[in-house]
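final-v4.cif (mmCIF, N, CA and C atoms) appears below.
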```cif
data_upload
loop_
_atom_site.label_atom_id
_atom_site.label_comp_id
_atom_site.auth_asym_id
_atom_site.auth_seq_id
_atom_site.Cartn_x
_atom_site.Cartn_y
_atom_site.Cartn_z
N MET A 2 31.40 54.14 -250.84
CA MET A 2 31.96 53.08 -250.04
C MET A 2 31.39 51.74 -250.52
N ILE A 3 32.23 50.72 -250.58
CA ILE A 3 31.80 49.39 -250.99
C ILE A 3 30.97 48.78 -249.87
N THR A 4 29.81 48.26 -250.24
CA THR A 4 28.97 47.56 -249.27
C THR A 4 28.84 46.10 -249.69
N GLY A 5 28.43 45.26 -248.77
CA GLY A 5 28.20 43.86 -249.09
C GLY A 5 29.39 42.95 -248.87
N LEU A 6 30.54 43.50 -248.49
CA LEU A 6 31.70 42.66 -248.22
C LEU A 6 31.50 41.97 -246.87
N LYS A 7 31.90 40.69 -246.80
CA LYS A 7 31.68 39.91 -245.58
C LYS A 7 33.01 39.58 -244.92
N HIS A 8 32.97 39.57 -243.60
CA HIS A 8 34.12 39.13 -242.81
C HIS A 8 33.63 37.96 -241.97
N GLN A 9 34.37 36.87 -241.98
CA GLN A 9 33.98 35.70 -241.21
C GLN A 9 34.63 35.70 -239.84
N LYS A 10 33.84 35.37 -238.86
CA LYS A 10 34.37 35.21 -237.51
C LYS A 10 35.23 33.95 -237.48
N LEU A 11 36.28 33.99 -236.69
CA LEU A 11 37.20 32.86 -236.61
C LEU A 11 36.47 31.57 -236.20
N ALA A 12 35.53 31.67 -235.28
CA ALA A 12 34.81 30.48 -234.82
C ALA A 12 34.02 29.83 -235.96
N VAL A 13 33.44 30.63 -236.83
CA VAL A 13 32.69 30.10 -237.97
C VAL A 13 33.65 29.46 -238.97
N PHE A 14 34.77 30.11 -239.22
CA PHE A 14 35.80 29.56 -240.11
C PHE A 14 36.26 28.19 -239.60
N VAL A 15 36.55 28.09 -238.31
CA VAL A 15 37.02 26.84 -237.71
C VAL A 15 35.95 25.76 -237.78
N LYS A 16 34.70 26.13 -237.56
CA LYS A 16 33.59 25.17 -237.64
C LYS A 16 33.50 24.58 -239.05
N ARG A 17 33.63 25.42 -240.05
CA ARG A 17 33.57 24.94 -241.44
C ARG A 17 34.79 24.09 -241.77
N LYS A 18 35.94 24.47 -241.25
CA LYS A 18 37.16 23.68 -241.46
C LYS A 18 37.00 22.28 -240.87
N LYS A 19 36.41 22.20 -239.68
CA LYS A 19 36.18 20.89 -239.05
C LYS A 19 35.21 20.06 -239.88
N TRP A 20 34.21 20.69 -240.47
CA TRP A 20 33.27 19.97 -241.33
C TRP A 20 34.01 19.39 -242.53
N LEU A 21 34.86 20.20 -243.17
CA LEU A 21 35.64 19.71 -244.30
C LEU A 21 36.55 18.56 -243.89
N GLN A 22 37.19 18.69 -242.73
CA GLN A 22 38.08 17.63 -242.24
C GLN A 22 37.31 16.34 -242.05
N LYS A 23 36.11 16.44 -241.48
CA LYS A 23 35.27 15.27 -241.25
C LYS A 23 34.93 14.59 -242.58
N ILE A 24 34.52 15.37 -243.57
CA ILE A 24 34.17 14.81 -244.88
C ILE A 24 35.40 14.14 -245.51
N LEU A 25 36.53 14.81 -245.49
CA LEU A 25 37.75 14.25 -246.09
C LEU A 25 38.17 12.97 -245.36
N ASP A 26 38.13 12.99 -244.03
CA ASP A 26 38.48 11.79 -243.25
C ASP A 26 37.55 10.63 -243.58
N GLU A 27 36.25 10.91 -243.70
CA GLU A 27 35.30 9.86 -244.04
C GLU A 27 35.56 9.31 -245.44
N CYS A 28 35.84 10.18 -246.38
CA CYS A 28 36.09 9.75 -247.76
C CYS A 28 37.34 8.88 -247.86
N LEU A 29 38.37 9.24 -247.12
CA LEU A 29 39.63 8.50 -247.18
C LEU A 29 39.73 7.40 -246.12
N GLU A 30 38.71 7.33 -245.27
CA GLU A 30 38.65 6.33 -244.20
C GLU A 30 39.90 6.36 -243.32
N GLN A 31 40.29 7.57 -242.94
CA GLN A 31 41.43 7.75 -242.03
C GLN A 31 41.25 9.06 -241.28
N ASP A 32 41.95 9.18 -240.16
CA ASP A 32 41.90 10.40 -239.36
C ASP A 32 42.99 11.36 -239.79
N GLU A 33 42.73 12.64 -239.61
CA GLU A 33 43.72 13.70 -239.88
C GLU A 33 44.27 13.65 -241.31
N SER A 34 43.39 13.33 -242.27
CA SER A 34 43.82 13.28 -243.67
C SER A 34 44.08 14.69 -244.19
N ASP A 35 44.80 14.75 -245.29
CA ASP A 35 45.16 16.04 -245.88
C ASP A 35 45.09 15.92 -247.40
N ILE A 36 45.12 17.03 -248.07
CA ILE A 36 44.99 17.06 -249.53
C ILE A 36 46.01 16.16 -250.23
N PRO A 37 47.29 16.14 -249.83
CA PRO A 37 48.23 15.24 -250.51
C PRO A 37 47.84 13.76 -250.46
N ASP A 38 47.03 13.37 -249.46
CA ASP A 38 46.57 11.99 -249.35
C ASP A 38 45.69 11.58 -250.53
N LEU A 39 45.18 12.55 -251.27
CA LEU A 39 44.33 12.26 -252.42
C LEU A 39 45.14 11.92 -253.67
N HIS A 40 46.43 12.25 -253.67
CA HIS A 40 47.32 11.98 -254.82
C HIS A 40 46.76 12.56 -256.11
N LEU A 41 46.42 13.83 -256.07
CA LEU A 41 45.82 14.52 -257.21
C LEU A 41 46.87 15.12 -258.12
N HIS A 42 46.43 15.48 -259.30
CA HIS A 42 47.23 16.30 -260.20
C HIS A 42 47.55 17.58 -259.41
N PRO A 43 48.78 18.13 -259.52
CA PRO A 43 49.15 19.31 -258.73
C PRO A 43 48.18 20.49 -258.86
N GLN A 44 47.65 20.72 -260.05
CA GLN A 44 46.70 21.82 -260.21
C GLN A 44 45.41 21.54 -259.45
N ALA A 45 44.95 20.30 -259.48
CA ALA A 45 43.74 19.94 -258.74
C ALA A 45 43.96 20.16 -257.24
N SER A 46 45.14 19.82 -256.74
CA SER A 46 45.44 20.02 -255.32
C SER A 46 45.40 21.50 -254.94
N GLY A 47 46.00 22.33 -255.76
CA GLY A 47 46.00 23.76 -255.50
C GLY A 47 44.61 24.35 -255.53
N LEU A 48 43.82 23.93 -256.51
CA LEU A 48 42.44 24.43 -256.60
C LEU A 48 41.60 23.93 -255.43
N LEU A 49 41.84 22.70 -254.99
CA LEU A 49 41.10 22.17 -253.85
C LEU A 49 41.40 22.97 -252.59
N LEU A 50 42.66 23.28 -252.36
CA LEU A 50 43.02 24.09 -251.19
C LEU A 50 42.33 25.45 -251.26
N GLU A 51 42.35 26.08 -252.42
CA GLU A 51 41.69 27.38 -252.57
C GLU A 51 40.19 27.26 -252.35
N SER A 52 39.59 26.20 -252.85
CA SER A 52 38.16 25.98 -252.66
C SER A 52 37.82 25.79 -251.19
N MET A 53 38.66 25.06 -250.48
CA MET A 53 38.43 24.86 -249.04
C MET A 53 38.55 26.18 -248.28
N ASN A 54 39.52 26.99 -248.63
CA ASN A 54 39.63 28.32 -248.02
C ASN A 54 38.41 29.16 -248.33
N ALA A 55 37.95 29.09 -249.57
CA ALA A 55 36.75 29.85 -249.96
C ALA A 55 35.54 29.37 -249.18
N PHE A 56 35.41 28.05 -249.01
CA PHE A 56 34.28 27.51 -248.26
C PHE A 56 34.29 28.01 -246.82
N CYS A 57 35.43 27.92 -246.18
CA CYS A 57 35.54 28.37 -244.78
C CYS A 57 35.28 29.86 -244.64
N SER A 58 35.49 30.61 -245.71
CA SER A 58 35.28 32.06 -245.71
C SER A 58 33.93 32.46 -246.27
N ALA A 59 33.05 31.49 -246.49
CA ALA A 59 31.68 31.74 -246.99
C ALA A 59 31.66 32.35 -248.38
N ARG A 60 32.57 31.96 -249.22
CA ARG A 60 32.61 32.41 -250.62
C ARG A 60 31.95 31.33 -251.46
N TRP A 61 30.62 31.25 -251.32
CA TRP A 61 29.85 30.13 -251.84
C TRP A 61 29.98 29.96 -253.36
N LEU A 62 29.86 31.03 -254.09
CA LEU A 62 29.93 30.92 -255.55
C LEU A 62 31.32 30.52 -256.01
N THR A 63 32.33 31.00 -255.33
CA THR A 63 33.71 30.61 -255.64
C THR A 63 33.88 29.11 -255.46
N VAL A 64 33.29 28.56 -254.42
CA VAL A 64 33.37 27.12 -254.17
C VAL A 64 32.76 26.35 -255.33
N ILE A 65 31.60 26.77 -255.79
CA ILE A 65 30.92 26.07 -256.89
C ILE A 65 31.76 26.14 -258.16
N ILE A 66 32.26 27.32 -258.46
CA ILE A 66 33.06 27.49 -259.68
C ILE A 66 34.34 26.66 -259.61
N LEU A 67 35.03 26.72 -258.49
CA LEU A 67 36.28 25.97 -258.35
C LEU A 67 36.05 24.47 -258.29
N SER A 68 34.92 24.04 -257.76
CA SER A 68 34.66 22.61 -257.63
C SER A 68 34.70 21.90 -258.98
N GLN A 69 34.07 22.49 -259.98
CA GLN A 69 34.11 21.88 -261.30
C GLN A 69 35.52 21.94 -261.88
N ALA A 70 36.23 23.02 -261.63
CA ALA A 70 37.61 23.14 -262.12
C ALA A 70 38.51 22.09 -261.47
N ILE A 71 38.27 21.78 -260.21
CA ILE A 71 39.04 20.75 -259.51
C ILE A 71 38.84 19.40 -260.18
N LEU A 72 37.58 19.07 -260.45
CA LEU A 72 37.29 17.79 -261.10
C LEU A 72 37.92 17.73 -262.48
N ASP A 73 37.83 18.82 -263.23
CA ASP A 73 38.44 18.86 -264.57
C ASP A 73 39.95 18.64 -264.48
N ALA A 74 40.59 19.30 -263.52
CA ALA A 74 42.04 19.15 -263.36
C ALA A 74 42.40 17.74 -262.91
N ALA A 75 41.60 17.16 -262.03
CA ALA A 75 41.87 15.80 -261.56
C ALA A 75 41.77 14.79 -262.70
N LEU A 76 40.86 15.04 -263.63
CA LEU A 76 40.69 14.11 -264.74
C LEU A 76 41.84 14.17 -265.74
N LEU A 77 42.69 15.18 -265.63
CA LEU A 77 43.89 15.24 -266.49
C LEU A 77 44.79 14.03 -266.24
N LYS A 78 44.71 13.50 -265.05
CA LYS A 78 45.53 12.35 -264.65
C LYS A 78 44.71 11.06 -264.76
N SER A 79 43.80 11.01 -265.71
CA SER A 79 42.80 9.94 -265.76
C SER A 79 43.36 8.55 -266.01
N GLU A 80 44.60 8.41 -266.48
CA GLU A 80 45.13 7.07 -266.73
C GLU A 80 45.29 6.26 -265.44
N ASN A 81 45.35 6.93 -264.29
CA ASN A 81 45.50 6.24 -263.01
C ASN A 81 44.19 6.20 -262.22
N LEU A 82 43.10 6.54 -262.84
CA LEU A 82 41.84 6.65 -262.12
C LEU A 82 40.87 5.54 -262.51
N ASP A 83 39.95 5.25 -261.62
CA ASP A 83 38.93 4.24 -261.86
C ASP A 83 37.95 4.73 -262.93
N GLY A 84 37.77 3.93 -263.98
CA GLY A 84 36.94 4.32 -265.12
C GLY A 84 35.48 4.56 -264.77
N THR A 85 34.92 3.73 -263.91
CA THR A 85 33.51 3.90 -263.52
C THR A 85 33.32 5.22 -262.79
N ALA A 86 34.25 5.54 -261.91
CA ALA A 86 34.16 6.81 -261.17
C ALA A 86 34.32 7.99 -262.11
N ILE A 87 35.22 7.88 -263.07
CA ILE A 87 35.40 8.96 -264.05
C ILE A 87 34.11 9.17 -264.83
N ASN A 88 33.48 8.08 -265.24
CA ASN A 88 32.22 8.18 -265.97
C ASN A 88 31.15 8.87 -265.12
N ASN A 89 31.11 8.55 -263.83
CA ASN A 89 30.14 9.19 -262.94
C ASN A 89 30.41 10.69 -262.82
N ILE A 90 31.69 11.07 -262.73
CA ILE A 90 32.04 12.49 -262.65
C ILE A 90 31.62 13.22 -263.92
N ARG A 91 31.70 12.56 -265.04
CA ARG A 91 31.35 13.20 -266.31
C ARG A 91 29.86 13.22 -266.58
N THR A 92 29.14 12.17 -266.15
CA THR A 92 27.73 12.06 -266.55
C THR A 92 26.75 11.85 -265.40
N GLY A 93 27.23 11.67 -264.18
CA GLY A 93 26.34 11.47 -263.04
C GLY A 93 25.46 12.69 -262.80
N ARG A 94 24.24 12.44 -262.35
CA ARG A 94 23.24 13.51 -262.18
C ARG A 94 23.76 14.66 -261.33
N ASP A 95 24.33 14.37 -260.18
CA ASP A 95 24.81 15.44 -259.29
C ASP A 95 25.98 16.19 -259.90
N PHE A 96 26.84 15.48 -260.60
CA PHE A 96 27.99 16.13 -261.23
C PHE A 96 27.56 17.00 -262.42
N VAL A 97 26.52 16.55 -263.13
CA VAL A 97 25.97 17.37 -264.21
C VAL A 97 25.35 18.64 -263.61
N TRP A 98 24.67 18.49 -262.45
CA TRP A 98 24.13 19.67 -261.76
C TRP A 98 25.26 20.66 -261.48
N LEU A 99 26.38 20.16 -260.94
CA LEU A 99 27.51 21.04 -260.60
C LEU A 99 28.03 21.76 -261.83
N ARG A 100 28.23 21.02 -262.91
CA ARG A 100 28.75 21.63 -264.15
C ARG A 100 27.77 22.69 -264.68
N ASN A 101 26.48 22.36 -264.67
CA ASN A 101 25.48 23.31 -265.16
C ASN A 101 25.40 24.55 -264.26
N ARG A 102 25.48 24.35 -262.96
CA ARG A 102 25.43 25.48 -262.03
C ARG A 102 26.64 26.39 -262.23
N ARG A 103 27.81 25.78 -262.37
CA ARG A 103 29.02 26.55 -262.64
C ARG A 103 28.88 27.33 -263.95
N ASN A 104 28.40 26.66 -264.98
CA ASN A 104 28.24 27.33 -266.28
C ASN A 104 27.25 28.48 -266.20
N ASN A 105 26.16 28.29 -265.45
CA ASN A 105 25.19 29.38 -265.29
C ASN A 105 25.80 30.58 -264.59
N LEU A 106 26.69 30.33 -263.65
CA LEU A 106 27.34 31.43 -262.94
C LEU A 106 28.35 32.16 -263.82
N LEU A 107 29.04 31.43 -264.67
CA LEU A 107 30.11 32.03 -265.47
C LEU A 107 29.64 32.64 -266.78
N HIS A 108 28.59 32.11 -267.35
CA HIS A 108 28.14 32.56 -268.67
C HIS A 108 26.81 33.29 -268.51
N ALA A 109 26.87 34.59 -268.55
CA ALA A 109 25.72 35.44 -268.25
C ALA A 109 24.58 35.25 -269.24
N ASP A 110 23.38 35.22 -268.68
CA ASP A 110 22.14 35.26 -269.44
C ASP A 110 21.45 36.55 -268.99
N CYS A 111 21.50 37.56 -269.83
CA CYS A 111 21.02 38.89 -269.43
C CYS A 111 19.58 38.89 -268.94
N SER A 112 18.75 38.03 -269.49
CA SER A 112 17.34 38.03 -269.09
C SER A 112 17.11 37.25 -267.79
N HIS A 113 18.02 36.34 -267.44
CA HIS A 113 17.89 35.54 -266.22
C HIS A 113 19.25 35.42 -265.52
N PRO A 114 19.70 36.45 -264.83
CA PRO A 114 21.01 36.37 -264.17
C PRO A 114 21.03 35.27 -263.11
N ALA A 115 22.11 34.52 -263.07
CA ALA A 115 22.25 33.43 -262.10
C ALA A 115 22.54 33.96 -260.70
N VAL A 116 23.05 35.17 -260.62
CA VAL A 116 23.36 35.77 -259.33
C VAL A 116 23.30 37.29 -259.47
N THR A 117 22.86 37.94 -258.41
CA THR A 117 22.85 39.40 -258.34
C THR A 117 23.38 39.80 -256.96
N ILE A 118 23.57 41.07 -256.77
CA ILE A 118 24.00 41.55 -255.45
C ILE A 118 22.99 41.12 -254.38
N HIS A 119 21.73 41.14 -254.73
CA HIS A 119 20.68 40.80 -253.77
C HIS A 119 20.67 39.32 -253.42
N SER A 120 21.25 38.48 -254.27
CA SER A 120 21.32 37.04 -253.98
C SER A 120 22.02 36.78 -252.65
N PHE A 121 23.00 37.59 -252.34
CA PHE A 121 23.77 37.38 -251.12
C PHE A 121 22.97 37.73 -249.87
N GLU A 122 21.94 38.52 -250.04
CA GLU A 122 21.08 38.87 -248.91
C GLU A 122 19.95 37.87 -248.75
N VAL A 123 19.31 37.50 -249.85
CA VAL A 123 18.11 36.67 -249.77
C VAL A 123 18.36 35.19 -250.00
N ASP A 124 19.44 34.82 -250.66
CA ASP A 124 19.71 33.42 -251.00
C ASP A 124 20.96 32.86 -250.35
N ASN A 125 21.47 33.51 -249.33
CA ASN A 125 22.74 33.08 -248.74
C ASN A 125 22.69 31.63 -248.24
N LEU A 126 21.61 31.24 -247.57
CA LEU A 126 21.50 29.87 -247.06
C LEU A 126 21.43 28.87 -248.20
N SER A 127 20.71 29.22 -249.24
CA SER A 127 20.63 28.35 -250.42
C SER A 127 21.99 28.21 -251.08
N MET A 128 22.71 29.32 -251.19
CA MET A 128 24.05 29.27 -251.79
C MET A 128 25.00 28.45 -250.91
N GLU A 129 24.85 28.55 -249.60
CA GLU A 129 25.69 27.74 -248.71
C GLU A 129 25.40 26.26 -248.90
N ARG A 130 24.13 25.89 -249.01
CA ARG A 130 23.78 24.49 -249.25
C ARG A 130 24.40 23.99 -250.55
N GLU A 131 24.34 24.83 -251.59
CA GLU A 131 24.94 24.44 -252.87
C GLU A 131 26.46 24.27 -252.74
N ALA A 132 27.10 25.14 -251.99
CA ALA A 132 28.55 25.04 -251.80
C ALA A 132 28.90 23.78 -251.02
N ARG A 133 28.11 23.45 -250.00
CA ARG A 133 28.34 22.21 -249.25
C ARG A 133 28.18 21.00 -250.17
N LYS A 134 27.15 21.02 -250.98
CA LYS A 134 26.92 19.93 -251.93
C LYS A 134 28.11 19.82 -252.89
N ALA A 135 28.59 20.94 -253.37
CA ALA A 135 29.73 20.94 -254.29
C ALA A 135 30.97 20.35 -253.62
N MET A 136 31.25 20.74 -252.38
CA MET A 136 32.42 20.22 -251.68
C MET A 136 32.29 18.71 -251.45
N GLU A 137 31.10 18.27 -251.07
CA GLU A 137 30.89 16.83 -250.88
C GLU A 137 31.06 16.08 -252.19
N LEU A 138 30.53 16.63 -253.27
CA LEU A 138 30.69 15.99 -254.58
C LEU A 138 32.16 15.87 -254.96
N VAL A 139 32.89 16.94 -254.78
CA VAL A 139 34.31 16.93 -255.14
C VAL A 139 35.07 15.90 -254.31
N LEU A 140 34.92 15.95 -253.00
CA LEU A 140 35.69 15.04 -252.15
C LEU A 140 35.28 13.59 -252.36
N ASN A 141 33.99 13.33 -252.47
CA ASN A 141 33.55 11.96 -252.75
C ASN A 141 33.96 11.51 -254.14
N GLY A 142 33.82 12.40 -255.11
CA GLY A 142 34.19 12.07 -256.48
C GLY A 142 35.67 11.79 -256.61
N LEU A 143 36.49 12.59 -255.97
CA LEU A 143 37.94 12.40 -256.05
C LEU A 143 38.38 11.12 -255.36
N THR A 144 37.79 10.83 -254.21
CA THR A 144 38.19 9.61 -253.50
C THR A 144 37.66 8.36 -254.20
N ASP A 145 36.54 8.47 -254.90
CA ASP A 145 36.03 7.33 -255.66
C ASP A 145 36.91 6.99 -256.85
N THR A 146 37.64 7.98 -257.36
CA THR A 146 38.45 7.74 -258.55
C THR A 146 39.78 7.07 -258.25
N ILE A 147 40.17 7.04 -256.98
CA ILE A 147 41.46 6.46 -256.61
C ILE A 147 41.39 4.95 -256.77
N LEU A 148 42.30 4.40 -257.54
CA LEU A 148 42.35 2.94 -257.72
C LEU A 148 42.96 2.25 -256.52
#
```

Do you think you could lay out the structure here as structure tokens?
Amino acid sequence: MITGLKHQKLAVFVKRKKWLQKILDECLEQDESDIPDLHLHPQASGLLLESMNAFCSARWLTVIILSQAILDAALLKSENLDGTAINNIRTGRDFVWLRNRRNNLLHADCSHPAVTIHSFEVDNLSMEREARKAMELVLNGLTDTIL
């Protein structure tokens, strides 16, 4: 039997959704904002929605991996974006952390695995903090790029 699979309670899912809504509203300086309000490349929008669903469902590593993919997809439309913000997404300290963390998760180092089955038991809070940081980086980074 498969062990370690998680089911999220609806109340926890809703609490996380409200947190995301608050961050998005603050970034866009409006109430009841939605993903289309960001005017992203269509692939970035789809990945952002999936990342938000993953966040609300406590799929922390998925959030980190998708967060960098969202930024990469958003930069495809870079001719309409603010150059300073684009530079920050590419070279800013926190964004470099995100890219490196994503790369560590995707590209295995046999002697130092970035994640194991036991990570979900002992590092869940740490992984949640990283996922929150990733979501904040994405939403702030995307809204900073809007001209």

When the PyMOL selection byres (((chain A and resi 68-70 and name CA) around 10) and name CA) is applied to the structure above, which residues does it catch, written out as a count of residues only? 36

Atom pair atom N of Trp61 in chain A / CA of Leu143 in chain A: separation (Å): 20.8 Å

Select all residues near (36.3, 26.3, -239.4) (cut-off 12 Å, inclusive, file coordinates), counting only C-alpha atoms, and output them as a list of chain:residue names.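 Looking at atoms near the point gives A:Gln9, A:Lys10, A:Leu11, A:Ala12, A:Val13, A:Phe14, A:Val15, A:Lys16, A:Arg17, A:Lys18, A:Lys19, A:Trp20, A:Leu21, A:Gln22, A:Lys23, A:Met53, A:Asn54, A:Ala55, A:Phe56, A:Cys57, A:Ser58, A:Ala59.
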
Can you list, as an NGL selection string, every residue of range 16-80 of chain A that DSSP puts in helix (DSSP H, G or I)? :A and (16-29 or 36-39 or 43-57 or 61-80)

Mind pulling up the distance from CA of Met128 in chain A to CA of Ser112 in chain A?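 Taking CA of Ser112 in chain A and CA of Met128 in chain A, their separation equals 20.5 Å.
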
Quick one: pull the distance between CA of Ser127 in chain A and CA of Ile3 in chain A, Å, one decimal.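 Those two atoms sit 23.8 Å apart.
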
Counting only C-alpha atoms, the option among A:Glu129, A:Asp124, A:Leu50, A:Gly84 closest to Asp35 in chain A: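 Using only C-alpha atoms, Asp35 in chain A sits closest to A:Leu50.
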
Protein/DNA/RNA residues near (24.2, 43.7, -247.4), cut 8 Å, all atoms listed in the file, as number ranges by chain: A: 4-6, 118-119, 121-122
